[in-house]
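Structure file model_15.pdb (PDB, C-alpha atoms, pLDDT in the B column) follows.
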```
ATOM      1  CA  MET Y   1     383.150  36.198 -47.047  1.00 78.00           C
ATOM      2  CA  GLY Y   2     384.837  35.158 -50.259  1.00 92.00           C
ATOM      3  CA  ALA Y   3     383.330  34.839 -53.733  1.00 93.00           C
ATOM      4  CA  ASN Y   4     382.839  31.073 -53.451  1.00 94.00           C
ATOM      5  CA  ALA Y   5     380.928  31.412 -50.183  1.00 95.00           C
ATOM      6  CA  GLU Y   6     378.833  34.182 -51.724  1.00 94.00           C
ATOM      7  CA  TYR Y   7     378.013  31.868 -54.616  1.00 93.00           C
ATOM      8  CA  VAL Y   8     376.808  29.166 -52.202  1.00 94.00           C
ATOM      9  CA  ARG Y   9     374.755  31.723 -50.274  1.00 95.00           C
ATOM     10  CA  GLY Y  10     373.269  32.748 -53.626  1.00 92.00           C
ATOM     11  CA  PHE Y  11     372.184  29.148 -54.212  1.00 92.00           C
ATOM     12  CA  VAL Y  12     370.318  29.179 -50.878  1.00 94.00           C
ATOM     13  CA  GLU Y  13     368.593  32.434 -51.792  1.00 94.00           C
ATOM     14  CA  ALA Y  14     367.683  31.055 -55.240  1.00 92.00           C
ATOM     15  CA  TRP Y  15     366.293  27.886 -53.629  1.00 92.00           C
ATOM     16  CA  ASN Y  16     364.164  29.800 -51.133  1.00 95.00           C
ATOM     17  CA  ARG Y  17     362.570  31.903 -53.887  1.00 93.00           C
ATOM     18  CA  ARG Y  18     362.325  28.872 -56.255  1.00 92.00           C
ATOM     19  CA  ASP Y  19     364.582  30.436 -58.876  1.00 90.00           C
ATOM     20  CA  LEU Y  20     366.957  27.523 -59.426  1.00 85.00           C
ATOM     21  CA  GLU Y  21     367.491  28.511 -63.053  1.00 85.00           C
ATOM     22  CA  SER Y  22     369.819  31.286 -61.894  1.00 83.00           C
ATOM     23  CA  TYR Y  23     371.945  28.692 -60.074  1.00 82.00           C
ATOM     24  CA  LEU Y  24     371.808  26.072 -62.786  1.00 86.00           C
ATOM     25  CA  ASP Y  25     372.910  28.565 -65.462  1.00 83.00           C
ATOM     26  CA  ASP Y  26     376.463  28.219 -64.113  1.00 79.00           C
ATOM     27  CA  VAL Y  27     376.460  24.412 -64.049  1.00 85.00           C
ATOM     28  CA  ARG Y  28     378.704  22.738 -66.616  1.00 86.00           C
ATOM     29  CA  PRO Y  29     378.213  19.236 -68.071  1.00 87.00           C
ATOM     30  CA  ALA Y  30     380.848  17.809 -65.706  1.00 91.00           C
ATOM     31  CA  PHE Y  31     379.175  19.237 -62.578  1.00 95.00           C
ATOM     32  CA  GLU Y  32     378.318  16.597 -59.968  1.00 96.00           C
ATOM     33  CA  TRP Y  33     375.786  16.624 -57.135  1.00 96.00           C
ATOM     34  CA  VAL Y  34     376.483  13.744 -54.755  1.00 97.00           C
ATOM     35  CA  VAL Y  35     373.475  12.701 -52.668  1.00 95.00           C
ATOM     36  CA  ALA Y  36     374.291  11.683 -49.083  1.00 94.00           C
ATOM     37  CA  ARG Y  37     375.170   7.996 -48.897  1.00 92.00           C
ATOM     38  CA  GLU Y  38     372.569   7.441 -46.159  1.00 92.00           C
ATOM     39  CA  HIS Y  39     369.779   8.699 -48.416  1.00 87.00           C
ATOM     40  CA  PRO Y  40     367.579   5.914 -49.850  1.00 86.00           C
ATOM     41  CA  ASP Y  41     368.166   7.292 -53.354  1.00 85.00           C
ATOM     42  CA  ALA Y  42     371.903   7.925 -52.945  1.00 92.00           C
ATOM     43  CA  ALA Y  43     373.408   8.675 -56.335  1.00 94.00           C
ATOM     44  CA  THR Y  44     375.687  11.059 -58.154  1.00 97.00           C
ATOM     45  CA  HIS Y  45     373.836  13.357 -60.544  1.00 96.00           C
ATOM     46  CA  ARG Y  46     375.924  14.773 -63.368  1.00 95.00           C
ATOM     47  CA  GLY Y  47     375.263  17.797 -65.506  1.00 93.00           C
ATOM     48  CA  ARG Y  48     372.546  20.406 -65.527  1.00 91.00           C
ATOM     49  CA  ASP Y  49     369.601  18.176 -66.450  1.00 92.00           C
ATOM     50  CA  GLU Y  50     370.263  15.483 -63.838  1.00 94.00           C
ATOM     51  CA  VAL Y  51     370.897  18.026 -61.083  1.00 93.00           C
ATOM     52  CA  ALA Y  52     367.808  20.018 -62.085  1.00 92.00           C
ATOM     53  CA  GLY Y  53     365.741  16.825 -61.949  1.00 93.00           C
ATOM     54  CA  TYR Y  54     367.049  15.942 -58.503  1.00 92.00           C
ATOM     55  CA  LEU Y  55     366.337  19.403 -57.096  1.00 92.00           C
ATOM     56  CA  ALA Y  56     362.907  19.528 -58.777  1.00 91.00           C
ATOM     57  CA  ASP Y  57     362.048  16.215 -57.110  1.00 91.00           C
ATOM     58  CA  TRP Y  58     362.745  17.774 -53.718  1.00 87.00           C
ATOM     59  CA  ILE Y  59     360.490  20.711 -54.555  1.00 89.00           C
ATOM     60  CA  SER Y  60     357.640  18.479 -55.736  1.00 90.00           C
ATOM     61  CA  THR Y  61     357.962  16.313 -52.603  1.00 89.00           C
ATOM     62  CA  MET Y  62     358.144  19.290 -50.228  1.00 86.00           C
ATOM     63  CA  PRO Y  63     356.887  22.408 -52.061  1.00 90.00           C
ATOM     64  CA  ASP Y  64     357.448  24.745 -49.101  1.00 93.00           C
ATOM     65  CA  LEU Y  65     360.928  23.451 -48.221  1.00 92.00           C
ATOM     66  CA  GLN Y  66     363.094  26.340 -47.037  1.00 95.00           C
ATOM     67  CA  ILE Y  67     366.782  26.529 -46.185  1.00 95.00           C
ATOM     68  CA  GLU Y  68     368.116  28.519 -43.261  1.00 97.00           C
ATOM     69  CA  VAL Y  69     371.872  29.070 -43.290  1.00 97.00           C
ATOM     70  CA  GLU Y  70     373.515  28.251 -39.979  1.00 97.00           C
ATOM     71  CA  GLU Y  71     377.100  28.514 -41.139  1.00 97.00           C
ATOM     72  CA  ILE Y  72     379.160  29.054 -44.269  1.00 97.00           C
ATOM     73  CA  GLU Y  73     382.899  28.443 -44.192  1.00 96.00           C
ATOM     74  CA  GLU Y  74     385.187  28.881 -47.163  1.00 95.00           C
ATOM     75  CA  ALA Y  75     388.425  26.899 -47.375  1.00 94.00           C
ATOM     76  CA  GLY Y  76     390.210  27.503 -50.648  1.00 92.00           C
ATOM     77  CA  ASP Y  77     388.003  26.259 -53.474  1.00 94.00           C
ATOM     78  CA  LYS Y  78     385.620  24.447 -51.084  1.00 96.00           C
ATOM     79  CA  VAL Y  79     382.662  25.853 -49.178  1.00 97.00           C
ATOM     80  CA  LEU Y  80     381.001  24.193 -46.204  1.00 98.00           C
ATOM     81  CA  LEU Y  81     377.327  25.043 -45.824  1.00 98.00           C
ATOM     82  CA  VAL Y  82     375.574  23.943 -42.638  1.00 98.00           C
ATOM     83  CA  MET Y  83     371.846  24.487 -42.941  1.00 97.00           C
ATOM     84  CA  ARG Y  84     368.501  23.759 -41.406  1.00 97.00           C
ATOM     85  CA  MET Y  85     365.908  22.571 -43.920  1.00 93.00           C
ATOM     86  CA  SER Y  86     362.237  22.685 -42.991  1.00 91.00           C
ATOM     87  CA  GLY Y  87     358.996  22.073 -44.815  1.00 89.00           C
ATOM     88  CA  SER Y  88     356.054  19.754 -45.153  1.00 85.00           C
ATOM     89  CA  GLY Y  89     355.258  16.864 -47.453  1.00 81.00           C
ATOM     90  CA  ALA Y  90     353.127  17.571 -50.514  1.00 80.00           C
ATOM     91  CA  ASP Y  91     350.972  14.487 -49.978  1.00 81.00           C
ATOM     92  CA  SER Y  92     351.015  14.011 -46.219  1.00 86.00           C
ATOM     93  CA  GLY Y  93     351.329  17.577 -44.992  1.00 79.00           C
ATOM     94  CA  ALA Y  94     353.662  16.247 -42.310  1.00 82.00           C
ATOM     95  CA  GLY Y  95     356.235  18.793 -41.242  1.00 87.00           C
ATOM     96  CA  THR Y  96     359.906  18.052 -40.920  1.00 86.00           C
ATOM     97  CA  GLU Y  97     363.059  19.874 -39.958  1.00 90.00           C
ATOM     98  CA  VAL Y  98     366.555  18.538 -40.469  1.00 92.00           C
ATOM     99  CA  ARG Y  99     370.062  19.876 -40.081  1.00 95.00           C
ATOM    100  CA  VAL Y 100     372.354  18.905 -42.968  1.00 96.00           C
ATOM    101  CA  ALA Y 101     375.496  20.120 -44.678  1.00 98.00           C
ATOM    102  CA  THR Y 102     377.050  20.328 -48.103  1.00 98.00           C
ATOM    103  CA  ILE Y 103     380.549  20.880 -49.375  1.00 98.00           C
ATOM    104  CA  SER Y 104     380.647  22.683 -52.691  1.00 97.00           C
ATOM    105  CA  THR Y 105     383.763  22.866 -54.816  1.00 96.00           C
ATOM    106  CA  LEU Y 106     384.202  25.805 -57.185  1.00 94.00           C
ATOM    107  CA  ARG Y 107     387.056  26.774 -59.444  1.00 92.00           C
ATOM    108  CA  ASP Y 108     387.323  30.279 -60.888  1.00 87.00           C
ATOM    109  CA  GLY Y 109     383.702  30.913 -59.884  1.00 84.00           C
ATOM    110  CA  THR Y 110     382.409  27.805 -61.628  1.00 89.00           C
ATOM    111  CA  PRO Y 111     380.705  25.102 -59.545  1.00 92.00           C
ATOM    112  CA  LEU Y 112     382.289  21.681 -60.019  1.00 95.00           C
ATOM    113  CA  ARG Y 113     380.720  19.533 -57.321  1.00 96.00           C
ATOM    114  CA  THR Y 114     378.353  19.584 -54.360  1.00 97.00           C
ATOM    115  CA  GLU Y 115     378.314  16.746 -51.855  1.00 97.00           C
ATOM    116  CA  GLU Y 116     375.606  16.281 -49.233  1.00 97.00           C
ATOM    117  CA  PHE Y 117     376.201  15.152 -45.659  1.00 97.00           C
ATOM    118  CA  LEU Y 118     373.450  14.229 -43.219  1.00 96.00           C
ATOM    119  CA  ASP Y 119     375.926  14.798 -40.386  1.00 96.00           C
ATOM    120  CA  PRO Y 120     377.394  18.322 -40.346  1.00 96.00           C
ATOM    121  CA  ALA Y 121     380.327  17.101 -38.205  1.00 96.00           C
ATOM    122  CA  GLU Y 122     381.246  14.602 -40.928  1.00 96.00           C
ATOM    123  CA  ALA Y 123     381.141  17.403 -43.495  1.00 97.00           C
ATOM    124  CA  ARG Y 124     383.451  19.532 -41.353  1.00 95.00           C
ATOM    125  CA  GLU Y 125     385.901  16.634 -41.096  1.00 94.00           C
ATOM    126  CA  ALA Y 126     385.790  16.169 -44.875  1.00 93.00           C
ATOM    127  CA  LEU Y 127     386.453  19.883 -45.373  1.00 92.00           C
ATOM    128  CA  THR Y 128     389.516  19.902 -43.128  1.00 87.00           C
ATOM    129  CA  ALA Y 129     390.826  16.584 -44.543  1.00 85.00           C
ATOM    130  CA  SER Y 130     391.003  17.927 -48.086  1.00 68.00           C
TER     131      SER Y 130
END
```
Let me see the file written as structure tokens.
Amino acid sequence: MGANAEYVRGFVEAWNRRDLESYLDDVRPAFEWVVAREHPDAATHRGRDEVAGYLADWISTMPDLQIEVEEIEEAGDKVLLVMRMSGSGADSGAGTEVRVATISTLRDGTPLRTEEFLDPAEAREALTAS
């Protein structure tokens, strides 16, 4: 596994222990996190503060949300992460489990962009098309 894939795996580990500061320390002002277009709040968050706010919202909505890595594939400066996310709602207590994917782009160890996909097959196609 290459350095970029290790970085993405490190994000998952940071998420699961709720230590996002270690991930966000590497985020530059131009960093983008693109929320899946199917998501009701689809948007592009730019920079550390916006990305931190987006991720914090997930944690407040589902405090026990955990990520299980199903697959990590590195292709040049891009990393495909297919994961299973599971947790329960803070207010409702209702449990959920969903399989999603991201493609993260890094250059020289610095994260530039992460894009979410609700369909892992679509993410794989995007990875091979680039």
If you count all atoms listed in the file, which residues fall within 9 Å of segment 36-41 of chain Y, apart from same-chain ones fewer than 2 positions away, as a short mmCIF file (atom, residue, chain, number, x, y, z; two decimals) with C-alpha atoms, keeping the file's coordinate frame?
```
data_model
loop_
_atom_site.label_atom_id
_atom_site.label_comp_id
_atom_site.auth_asym_id
_atom_site.auth_seq_id
_atom_site.Cartn_x
_atom_site.Cartn_y
_atom_site.Cartn_z
CA VAL Y 34 376.48 13.74 -54.76
CA ALA Y 43 373.41 8.68 -56.34
CA GLU Y 115 378.31 16.75 -51.86
CA GLU Y 116 375.61 16.28 -49.23
CA PHE Y 117 376.20 15.15 -45.66
CA LEU Y 118 373.45 14.23 -43.22
#
```
>> Residues proximal to (370.8, 31.5, -63.2) were defined as those with any atom within 12 Å of that point in the file's coordinates, counting all atoms listed in the file. Which are they, as JSON, numbers by chain?
In response: {"Y": [7, 10, 11, 13, 14, 15, 18, 19, 20, 21, 22, 23, 24, 25, 26, 27, 48, 52]}
Would you put the residues from that selection into a file with C-alpha atoms, as a PDB file, in the coordinates of the input?
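Writing done, so here's result-v5.pdb:
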```pdb
ATOM      1  CA  TYR Y   7     378.013  31.868 -54.616  1.00 93.00           C
ATOM      2  CA  GLY Y  10     373.269  32.748 -53.626  1.00 92.00           C
ATOM      3  CA  PHE Y  11     372.184  29.148 -54.212  1.00 92.00           C
ATOM      4  CA  GLU Y  13     368.593  32.434 -51.792  1.00 94.00           C
ATOM      5  CA  ALA Y  14     367.683  31.055 -55.240  1.00 92.00           C
ATOM      6  CA  TRP Y  15     366.293  27.886 -53.629  1.00 92.00           C
ATOM      7  CA  ARG Y  18     362.325  28.872 -56.255  1.00 92.00           C
ATOM      8  CA  ASP Y  19     364.582  30.436 -58.876  1.00 90.00           C
ATOM      9  CA  LEU Y  20     366.957  27.523 -59.426  1.00 85.00           C
ATOM     10  CA  GLU Y  21     367.491  28.511 -63.053  1.00 85.00           C
ATOM     11  CA  SER Y  22     369.819  31.286 -61.894  1.00 83.00           C
ATOM     12  CA  TYR Y  23     371.945  28.692 -60.074  1.00 82.00           C
ATOM     13  CA  LEU Y  24     371.808  26.072 -62.786  1.00 86.00           C
ATOM     14  CA  ASP Y  25     372.910  28.565 -65.462  1.00 83.00           C
ATOM     15  CA  ASP Y  26     376.463  28.219 -64.113  1.00 79.00           C
ATOM     16  CA  VAL Y  27     376.460  24.412 -64.049  1.00 85.00           C
ATOM     17  CA  ARG Y  48     372.546  20.406 -65.527  1.00 91.00           C
ATOM     18  CA  ALA Y  52     367.808  20.018 -62.085  1.00 92.00           C
TER      19      ALA Y  52
END
```
Closest-contact table, segment 94-120 of chain Y side, partner segment 84-88 of chain Y, 8 Å, counting all atoms listed in the file, as JSON lines:
```
{"residue": "Y:Ala94", "atom": "CA", "partner": "Y:Ser88", "partner_atom": "CA", "distance": 5.1}
{"residue": "Y:Gly95", "atom": "CA", "partner": "Y:Ser88", "partner_atom": "CA", "distance": 4.0}
{"residue": "Y:Thr96", "atom": "CA", "partner": "Y:Ser86", "partner_atom": "CA", "distance": 5.6}
{"residue": "Y:Glu97", "atom": "CA", "partner": "Y:Ser86", "partner_atom": "CA", "distance": 4.2}
{"residue": "Y:Val98", "atom": "CA", "partner": "Y:Met85", "partner_atom": "CA", "distance": 5.3}
{"residue": "Y:Arg99", "atom": "CA", "partner": "Y:Arg84", "partner_atom": "CA", "distance": 4.4}
{"residue": "Y:Val100", "atom": "CA", "partner": "Y:Arg84", "partner_atom": "CA", "distance": 6.4}
```
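Using all atoms listed in the file, the smallest distance between any of Y:Leu80, Y:Ala42, Y:Ala90, Y:Leu112 and Tyr54 of chain Y comes from Y:Ala42.
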Just need the box for segment 94-102 of chain Y, edges along x, y and z, holding every atom the file lists for it with 4 Å tacked onto each side, so centre and edge lengths in Å to one decimal, as JSON.
```
{"center_x": 365.4, "center_y": 18.3, "center_z": -44.0, "size_x": 31.4, "size_y": 12.1, "size_z": 16.1}
```
> Smallest atom-to-atom distance to Asp57 of chain Y: which of Y:Asp108, Y:Ala30, Y:Gly89, Y:Arg9, using all atoms listed in the file?
Replying inline: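 The closest residue to Asp57 of chain Y is Y:Gly89.
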> Counting only C-alpha atoms, what is within 12 Å of Gly93 of chain Y, bar same-chain residues fewer than 5 positions away, as a ChimeraX atom specification?
Replying inline: /Y:61-65,87-88
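Checking Y:Glu70, Y:Asp77, Y:Asp119, Y:Glu32 one by one against Asp49 of chain Y, counting only C-alpha atoms, you find the shortest gap at Y:Glu32.
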> So how far away is atom CA of Asn16 of chain Y from atom CA of Thr110 of chain Y, in Å?
Replying inline: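 Separation between atom CA of Thr110 of chain Y and atom CA of Asn16 of chain Y: 21.1 Å.
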>> Taking 3 positions as the minimum chain separation for residues in the same chain, which residues sit within 6 Å of Gly47 of chain Y when counting all atoms listed in the file? Answer as a list in words.
In response: Pro29, Ala30, Phe31 and Glu50 of chain Y
>> Set the distance at 8 Å and use all atoms listed in the file: which residues neighbour Trp33 of chain Y once local chain neighbours fewer than 2 positions away are removed? I'd like the list as a ChimeraX atom specification.
In response: /Y:31,35,44-46,51,113-116
For segment 26-38 of chain Y of the structure just presented, write all heavy atoms to a file, as a short mmCIF file (atom, residue, chain, number, x, y, z; two decimals), in the first residue's frame.
```cif
data_model
loop_
_atom_site.label_atom_id
_atom_site.label_comp_id
_atom_site.auth_asym_id
_atom_site.auth_seq_id
_atom_site.Cartn_x
_atom_site.Cartn_y
_atom_site.Cartn_z
N ASP Y 26 -3.41 18.58 8.20
CA ASP Y 26 -2.78 18.56 6.88
C ASP Y 26 -3.59 19.28 5.80
O ASP Y 26 -3.14 19.39 4.67
CB ASP Y 26 -2.54 17.12 6.43
CG ASP Y 26 -1.53 16.41 7.32
OD1 ASP Y 26 -0.61 17.07 7.80
OD2 ASP Y 26 -1.69 15.20 7.53
N VAL Y 27 -4.79 19.72 6.15
CA VAL Y 27 -5.68 20.34 5.17
C VAL Y 27 -5.26 21.78 4.91
O VAL Y 27 -5.04 22.55 5.83
CB VAL Y 27 -7.15 20.28 5.67
CG1 VAL Y 27 -8.06 21.11 4.82
CG2 VAL Y 27 -7.62 18.84 5.71
N ARG Y 28 -5.13 22.11 3.65
CA ARG Y 28 -4.76 23.47 3.23
C ARG Y 28 -6.02 24.27 2.89
O ARG Y 28 -7.09 23.70 2.68
CB ARG Y 28 -3.85 23.40 1.99
CG ARG Y 28 -2.59 22.59 2.18
CD ARG Y 28 -1.65 23.27 3.18
NE ARG Y 28 -0.39 22.58 3.28
CZ ARG Y 28 -0.03 21.82 4.31
NH1 ARG Y 28 -0.84 21.64 5.30
NH2 ARG Y 28 1.15 21.23 4.33
N PRO Y 29 -5.91 25.58 2.79
CA PRO Y 29 -7.09 26.41 2.49
C PRO Y 29 -7.81 26.02 1.20
O PRO Y 29 -9.03 26.19 1.11
CB PRO Y 29 -6.52 27.83 2.39
CG PRO Y 29 -5.30 27.80 3.26
CD PRO Y 29 -4.73 26.40 3.08
N ALA Y 30 -7.10 25.48 0.24
CA ALA Y 30 -7.73 25.12 -1.04
C ALA Y 30 -8.35 23.72 -1.02
O ALA Y 30 -8.99 23.33 -1.99
CB ALA Y 30 -6.70 25.20 -2.16
N PHE Y 31 -8.20 22.98 0.08
CA PHE Y 31 -8.76 21.63 0.15
C PHE Y 31 -10.27 21.68 -0.03
O PHE Y 31 -10.94 22.56 0.49
CB PHE Y 31 -8.42 20.99 1.50
CG PHE Y 31 -9.01 19.62 1.67
CD1 PHE Y 31 -8.45 18.53 1.03
CD2 PHE Y 31 -10.11 19.42 2.47
CE1 PHE Y 31 -8.99 17.26 1.18
CE2 PHE Y 31 -10.66 18.15 2.64
CZ PHE Y 31 -10.09 17.07 1.99
N GLU Y 32 -10.79 20.69 -0.78
CA GLU Y 32 -12.23 20.59 -1.01
C GLU Y 32 -12.75 19.23 -0.56
O GLU Y 32 -12.10 18.21 -0.82
CB GLU Y 32 -12.56 20.73 -2.49
CG GLU Y 32 -12.23 22.06 -3.08
CD GLU Y 32 -12.59 22.14 -4.56
OE1 GLU Y 32 -12.57 21.09 -5.24
OE2 GLU Y 32 -12.90 23.25 -5.00
N TRP Y 33 -13.92 19.24 0.06
CA TRP Y 33 -14.65 18.01 0.38
C TRP Y 33 -15.98 18.14 -0.33
O TRP Y 33 -16.79 19.00 -0.01
CB TRP Y 33 -14.86 17.85 1.87
CG TRP Y 33 -15.44 16.51 2.24
CD1 TRP Y 33 -16.68 16.05 1.94
CD2 TRP Y 33 -14.78 15.46 2.94
NE1 TRP Y 33 -16.85 14.77 2.42
CE2 TRP Y 33 -15.70 14.39 3.04
CE3 TRP Y 33 -13.51 15.32 3.50
CZ2 TRP Y 33 -15.38 13.19 3.69
CZ3 TRP Y 33 -13.20 14.13 4.14
CH2 TRP Y 33 -14.13 13.08 4.23
N VAL Y 34 -16.21 17.27 -1.32
CA VAL Y 34 -17.41 17.33 -2.15
C VAL Y 34 -18.41 16.30 -1.64
O VAL Y 34 -18.15 15.10 -1.70
CB VAL Y 34 -17.07 17.07 -3.64
CG1 VAL Y 34 -18.33 17.18 -4.49
CG2 VAL Y 34 -15.99 18.03 -4.12
N VAL Y 35 -19.54 16.77 -1.14
CA VAL Y 35 -20.59 15.90 -0.63
C VAL Y 35 -21.30 15.27 -1.82
O VAL Y 35 -21.53 15.93 -2.85
CB VAL Y 35 -21.57 16.72 0.24
CG1 VAL Y 35 -22.70 15.83 0.77
CG2 VAL Y 35 -20.83 17.40 1.39
N ALA Y 36 -21.67 14.01 -1.68
CA ALA Y 36 -22.35 13.28 -2.77
C ALA Y 36 -23.55 14.07 -3.28
O ALA Y 36 -24.33 14.61 -2.49
CB ALA Y 36 -22.80 11.91 -2.27
N ARG Y 37 -23.70 14.11 -4.58
CA ARG Y 37 -24.75 14.92 -5.20
C ARG Y 37 -26.15 14.46 -4.80
O ARG Y 37 -27.09 15.25 -4.82
CB ARG Y 37 -24.60 14.94 -6.72
CG ARG Y 37 -24.88 13.63 -7.41
CD ARG Y 37 -24.76 13.76 -8.93
NE ARG Y 37 -25.04 12.50 -9.57
CZ ARG Y 37 -24.17 11.51 -9.72
NH1 ARG Y 37 -22.94 11.66 -9.27
NH2 ARG Y 37 -24.52 10.39 -10.31
N GLU Y 38 -26.31 13.20 -4.40
CA GLU Y 38 -27.61 12.70 -3.99
C GLU Y 38 -27.98 13.12 -2.56
O GLU Y 38 -29.12 12.99 -2.15
CB GLU Y 38 -27.65 11.16 -4.06
CG GLU Y 38 -27.39 10.59 -5.42
CD GLU Y 38 -25.91 10.30 -5.67
OE1 GLU Y 38 -25.04 10.74 -4.89
OE2 GLU Y 38 -25.62 9.62 -6.67
#
```
